[in-house]
Number of protein chains: 2
Amino acid sequence: MSNYINRAEKVFIRINQLAAISEDEGAVTRTFGTKPFLEGTAKVAQWMKEAGLQTRIDQIGNVRGKLLSKTAGAKTFVIASHIDTVVNAGKFDGPLGVIMGLDLLEQLVAIKAELPFNIELIAFSDEEGVRYHTTFLGSKVVTGAFDNALLNKHDKNGITLKEAIRTMGGDDTLLAVDAILPENWLGYFEIHIEQGPVLWENKIPVALVTAIAGQKRVELTYTGFAGHAGTVPMDMRNDALTCASEFILAAEQFALQNKDHLVATVGKLDVIGSASNVIPGEVVFSLDLRSPDEEKLKTAYQHLQQLSENIAAKRGIMPKWNLVQETLPVVCDAGLNEMLKQAIGTSNYDLVELVSGAGHDAVPVSEVAPVSMLFVRCYKGISHNPLENAELADIAAAIQVSDNFMNQLIQKHQ
Amino acid sequence: MSNYINRAEKVFIRINQLAAISEDEGAVTRTFGTKPFLEGTAKVAQWMKEAGLQTRIDQIGNVRGKLLSKTAGAKTFVIASHIDTVVNAGKFDGPLGVIMGLDLLEQLVAIKAELPFNIELIAFSDEEGVRYHTTFLGSKVVTGAFDNALLNKHDKNGITLKEAIRTMGGDDTLLAVDAILPENWLGYFEIHIEQGPVLWENKIPVALVTAIAGQKRVELTYTGFAGHAGTVPMDMRNDALTCASEFILAAEQFALQNKDHLVATVGKLDVIGSASNVIPGEVVFSLDLRSPDEEKLKTAYQHLQQLSENIAAKRGIMPKWNLVQETLPVVCDAGLNEMLKQAIGTSNYDLVELVSGAGHDAVPVSEVAPVSMLFVRCYKGISHNPLENAELADIAAAIQVSDNFMNQLIQKHQ
């Protein structure tokens with residue numbers, strides 16, 4: 001175990017070194033294509049080279065380091081996560097997976113492992129989508145799913161993605177060349193902090209990710225009738241906020257009843273023209289629905305839409321329901337999961353199976369390859385926040401499990 | 001009846017003339033002390049003079065016109081409302097009472113009525129409190145309740161009330177002289193649009209006001225714990241918004257059960273740091289409670305405070321309850337009300353008794369004199385809005401009732 005702790009300490013130090021490279025002093029902010037971002041990719045590339053990997057930075061700014069198999073025509077197994085961050089981020093969301101991947105490959109180099117497949121470690125350049133409001137720029141290039149129409153998108157300063165790529169030294173006409181062809185993928189493994197409280201609460205270091213939830217995001221508008229808070233009797237009101245409150249509670253109740261496969265959140269709510277002495281005439285609010293089960297997500301969506309209309313009708317309120325975003329659920333690969341389960345068992349940790357409610361680079365990769373993910377316990381489940389933290393003991397446990405997983409994978413393909 | 005319609009038409013024309021004097025072109029905005037406001041007071045003073053009233057503008061900008069009794073030591077009966085407005089107001093809230101009062105006095109002059117008491121018509125200069133965020137500046141001077149500390153209050157441009165009074169030509173050191181001494185008040189009568197939908201819905205032109213609701217305004221804060229909308233399971237959340245929703249619904253339910261003597265409104269609600277994919281960690285919202293019954297208002301307040309704490313405790317949320325404003329209920333004078341009831345009956349209108357949920361100048365006046373109010377039907381109950389309207393037939397009905405009321409009052413004191 002002390003070996004794992006030593007390796008965890010090295011991971012921890014590198015995470016801190018990377019976190020020190022930021023757009024904002026005293027905070028971690030490293031969004032796609034900025035100067036600190038480029039400094040960060042250079043740092044990661046340097047580490048990869050030092051580890052003995054065939055290293056390059058591709059056209060979209062992904063840092064990619066290969067450990068080659070001697071087998072002719074060998075497929076490629078990708079270990080990856082991202083190194084861009086949100087604004088005022090934590091240190092672990094993204095970098096943990098990249099730097100733990102680096103540690104895994106350093107270990108394979110150290111033991112001079114005979115590889116039956118190539119391993120490519122990738123630090124994706126854009127998962128958070130902060131700058132261009134579109135996620136997975138890095139992984140979509142690697143899977144060949146990059147949409148060239150995005151090149152004309154502008155950031156808030158009017159700089160197009162095409163210009164940003166060129167400023168970074170990339171060539172936007174060669175993005176397709178950076179894709180790993182579908183027939184060459186063996187599989188994908190990503191380590192990530194949980195970003196949720198289950199492991200923290202249960203004091204268990206790692207979890208197997210069985211699926212990544214699909215998501216539907218809705219903007220709802222309830223239009224009633226504004227009125228004077230003192231003069232309109234209770235039974236003559238068309239209050240848009242009490243109507244929204246009834247829906248919010250009903251949605252919470254429904255999600256609680258289906259908590260094994262559903263979360264529902266109203267995160268934004270605006271009372272239009274609000275004043276303490278005015279009965280709300282219009283309320284606009286969001287609904288974020290997630291489930292790992294496509295069919296159940298669809299059923300929940302339809303149920304809640306019907307519910308929103310029924311509640312509005314009962315109260316003389318005009319409802320508007322606008323689907324603004326949706327992604328399908330991703331199921332992690334059964335074969336890879338089986339190996340991860342055994343790795344967790346062999347390492348003597350209780351098996352926790354979780355659904356990822358957040359999106360990850362594994363989502364676009366799942367279109368072309370079997371994917372697997374390992375979650376690491378993080379402080380109170382907090383992420384996208386400077387309080388984000390993962391304890392050394394938990395990182396060490398994740399290293400132990402990942403070593404074990406990689407060994408099984410290598411043995412299986414030998 | 002045609003005589004009442006003719007008088008109503010004259011009232012209507014004057015209301016339009018006054019509404020044309022505004023800070024904003026195309027809208028009615030006439031806040032305390034502005035140039036259009038002064039133009040408005042000059043116009044009203046001119047009308048009073050033309051009607052034969054002893055007219056003056058007092059130090060706080062109230063326009064005051066007297067019709068004197070020949071009886072030595074006669075008391076004074078005040079007929080009044082206000083001529084300041086909110087921003088983007090309607091034409092009727094305030095001016096209707098002043099201009100109908102003017103019409104009543106013109107009628108008394110026309111019939112050469114022998115007055116057993118003086119009548120003073122007052123156009124109060126500030127009821128809405130838009131400029132200095134404190135209501136009833138005008139009526140508090142007349143009742144002798146003006147607080148000199150207010151003179152140092154600043155408006156949004158940094159101008160003190162003292163400076164505003166001087167700019168208007170007033171002398172802030174003589175405000176106390178403008179008060180009608182408590183022993184000289186006979187009573188008070190105010191005509192106002194209902195600002196609620198009861199008369200509109202029931203197609204009845206006027207209502208007797210039995211009381212003016214007392215009000216308690218609370219700012220509530222619910223603090224839970226923000227989290228990722230995808231990764232925190234439903235049963236591990238401390239969602240401040242679902243908590244607020246439960247309280248809002250419970251408050252609505254409680255007020256509905258007590259609708260004969262209570263209204264409860266949540267008009268403002270802000271989710272702090274809101275995003276569609278973040279579980280709300282903090283929600284700040286208002287609660288406006290009104291009742292004509294002091295004891296019931298107190299009971300409701302205590303009940304809802306307890307309820308807010310119980311709901312929060314159940315959900316692991318930290319509640320904060322901050323009383324930010326309160327006014328006591330005012331009961332209108334039984335004797336004056338009896339005369340108003342008879343006036344309504346004699347005029348062959350159904351008797352509707354209403355509680356005013358909004359505050360009026362009658363509130364400060366009630367400290368020194370018996371008060372009475374007559375509500376006039378207004379379009380859909382809408383006020384503080386350009387859609388505010390009162391129909392000619394309803395104004396004519398209100399003139400008929402008011403004539404009748406004044407005749408009874410004069411007869412009673414002869």
# chains A, B, ... in the order shown; residues from 1 in each chain; ligands from 1
$ calpha_fit_rmsd --fixed "chain B" --moving "chain A"
0.1 Å
$ select_by_dssp --residues "region 224-393 of chain B" --states "alpha helix (DSSP H)" --output "ChimeraX atom specification"
/B:240-257,294-314,334-346,362-365,392-393
$ closest_residue --among "B:Val266, B:Met406, B:Ile395, B:Val283" --to "chain A" --atoms "only C-alpha atoms"
B:Val266
$ interface_residues --of "chain B" --to "chain A" --cutoff "7 Å" --atoms "only C-alpha atoms" --output "JSON, numbers by chain"
{"B": [195, 196, 197, 227, 229, 230, 231, 232, 233, 234, 235, 242, 245, 246, 248, 249, 255, 256, 259, 263, 265, 266, 267, 268, 269, 270, 271, 274, 275, 276, 277, 278, 279, 280, 286, 287, 288, 290, 356, 357, 358, 382]}
$ closest_residue --among "A:Leu297, A:Leu409, A:Ala179, A:Leu220" --to "Asn337 (chain A)" --atoms "only C-alpha atoms"
A:Leu409
$ select_by_dssp --residues "region 216-395 of chain A" --states "strand (DSSP E)" --output "ChimeraX atom specification"
/A:216-223,227-228,263-265,269-271,278-279,282-291,318-327,330-331,353-356,371-376
$ atom_distance --atom1 "CA of Val206 (chain B)" --atom2 "CA of Gly26 (chain B)"
29.6 Å
$ atom_distance --atom1 "CA of Ala113 (chain B)" --atom2 "CA of Phe77 (chain B)"
14.7 Å
$ residues_around --residues "Thr135 (chain A)" --least-positions-apart "2" --cutoff "12 Å" --atoms "only C-alpha atoms" --output "VMD selection string"
chain A and resid 31 to 32 82 84 to 86 124 to 133 137 to 141 146 to 147 150 327 359 to 361 363 to 364
$ atom_distance --atom1 "CA of Phe37 (chain B)" --atom2 "CA of Ala176 (chain B)"
22.5 Å
$ closest_residue --among "A:Asn16, A:Ser372, A:Asn238, A:Ala8" --to "Gly316 (chain A)" --atoms "only C-alpha atoms"
A:Asn238
$ decode --residues "region 212-223 of chain A" --atoms "all heavy atoms" --output "short mmCIF file (atom, residue, chain, number, x, y, z; two decimals), in the first residue's frame"
data_model
loop_
_atom_site.label_atom_id
_atom_site.label_comp_id
_atom_site.auth_asym_id
_atom_site.auth_seq_id
_atom_site.Cartn_x
_atom_site.Cartn_y
_atom_site.Cartn_z
N ILE A 212 -23.79 6.64 -17.91
CA ILE A 212 -23.82 8.10 -17.80
C ILE A 212 -25.22 8.53 -18.19
O ILE A 212 -25.74 8.14 -19.24
CB ILE A 212 -22.76 8.74 -18.72
CG1 ILE A 212 -21.36 8.23 -18.30
CG2 ILE A 212 -22.82 10.25 -18.66
CD1 ILE A 212 -20.27 8.54 -19.30
N ALA A 213 -25.82 9.29 -17.31
CA ALA A 213 -27.23 9.64 -17.48
C ALA A 213 -27.46 10.43 -18.76
O ALA A 213 -26.63 11.25 -19.16
CB ALA A 213 -27.72 10.45 -16.29
N GLY A 214 -28.58 10.16 -19.38
CA GLY A 214 -29.07 11.04 -20.43
C GLY A 214 -29.74 12.23 -19.77
O GLY A 214 -30.10 12.18 -18.59
N GLN A 215 -29.88 13.30 -20.52
CA GLN A 215 -30.39 14.53 -19.93
C GLN A 215 -31.40 15.20 -20.84
O GLN A 215 -31.24 15.19 -22.07
CB GLN A 215 -29.20 15.49 -19.70
CG GLN A 215 -29.58 16.81 -19.03
CD GLN A 215 -28.42 17.80 -19.01
OE1 GLN A 215 -27.37 17.54 -19.58
NE2 GLN A 215 -28.63 18.93 -18.38
N LYS A 216 -32.43 15.75 -20.25
CA LYS A 216 -33.33 16.63 -20.98
C LYS A 216 -33.46 17.91 -20.18
O LYS A 216 -33.68 17.88 -18.98
CB LYS A 216 -34.71 15.99 -21.17
CG LYS A 216 -34.70 14.81 -22.16
CD LYS A 216 -36.09 14.27 -22.37
CE LYS A 216 -36.08 12.94 -23.10
NZ LYS A 216 -35.99 13.08 -24.56
N ARG A 217 -33.23 19.03 -20.86
CA ARG A 217 -33.34 20.31 -20.17
C ARG A 217 -34.47 21.11 -20.79
O ARG A 217 -34.54 21.28 -22.00
CB ARG A 217 -32.02 21.08 -20.28
CG ARG A 217 -31.96 22.30 -19.39
CD ARG A 217 -30.54 22.64 -18.99
NE ARG A 217 -29.70 22.99 -20.13
CZ ARG A 217 -29.70 24.20 -20.71
NH1 ARG A 217 -30.47 25.16 -20.26
NH2 ARG A 217 -28.92 24.42 -21.73
N VAL A 218 -35.38 21.56 -19.93
CA VAL A 218 -36.60 22.23 -20.37
C VAL A 218 -36.65 23.64 -19.80
O VAL A 218 -36.21 23.87 -18.67
CB VAL A 218 -37.85 21.45 -19.89
CG1 VAL A 218 -39.13 22.11 -20.39
CG2 VAL A 218 -37.78 19.99 -20.32
N GLU A 219 -37.13 24.59 -20.59
CA GLU A 219 -37.46 25.90 -20.03
C GLU A 219 -38.97 26.02 -19.98
O GLU A 219 -39.66 25.89 -20.99
CB GLU A 219 -36.88 27.03 -20.89
CG GLU A 219 -37.11 28.39 -20.23
CD GLU A 219 -36.63 29.54 -21.10
OE1 GLU A 219 -37.37 29.94 -22.02
OE2 GLU A 219 -35.51 30.02 -20.87
N LEU A 220 -39.48 26.23 -18.76
CA LEU A 220 -40.94 26.36 -18.57
C LEU A 220 -41.30 27.81 -18.31
O LEU A 220 -40.57 28.53 -17.62
CB LEU A 220 -41.40 25.55 -17.37
CG LEU A 220 -41.46 24.03 -17.51
CD1 LEU A 220 -40.20 23.43 -16.93
CD2 LEU A 220 -42.67 23.50 -16.77
N THR A 221 -42.43 28.22 -18.85
CA THR A 221 -42.97 29.54 -18.55
C THR A 221 -44.41 29.36 -18.09
O THR A 221 -45.19 28.67 -18.74
CB THR A 221 -42.95 30.45 -19.79
OG1 THR A 221 -41.63 30.48 -20.31
CG2 THR A 221 -43.39 31.86 -19.44
N TYR A 222 -44.73 29.95 -16.95
CA TYR A 222 -46.12 29.99 -16.49
C TYR A 222 -46.57 31.44 -16.56
O TYR A 222 -45.94 32.32 -15.97
CB TYR A 222 -46.23 29.49 -15.05
CG TYR A 222 -46.34 27.98 -14.91
CD1 TYR A 222 -45.95 27.34 -13.73
CD2 TYR A 222 -46.88 27.19 -15.92
CE1 TYR A 222 -46.08 25.97 -13.58
CE2 TYR A 222 -47.01 25.82 -15.78
CZ TYR A 222 -46.61 25.21 -14.60
OH TYR A 222 -46.74 23.86 -14.45
N THR A 223 -47.64 31.68 -17.29
CA THR A 223 -48.18 33.03 -17.38
C THR A 223 -49.55 33.08 -16.74
O THR A 223 -50.47 32.37 -17.17
CB THR A 223 -48.26 33.50 -18.84
OG1 THR A 223 -46.97 33.33 -19.44
CG2 THR A 223 -48.65 34.96 -18.93
#
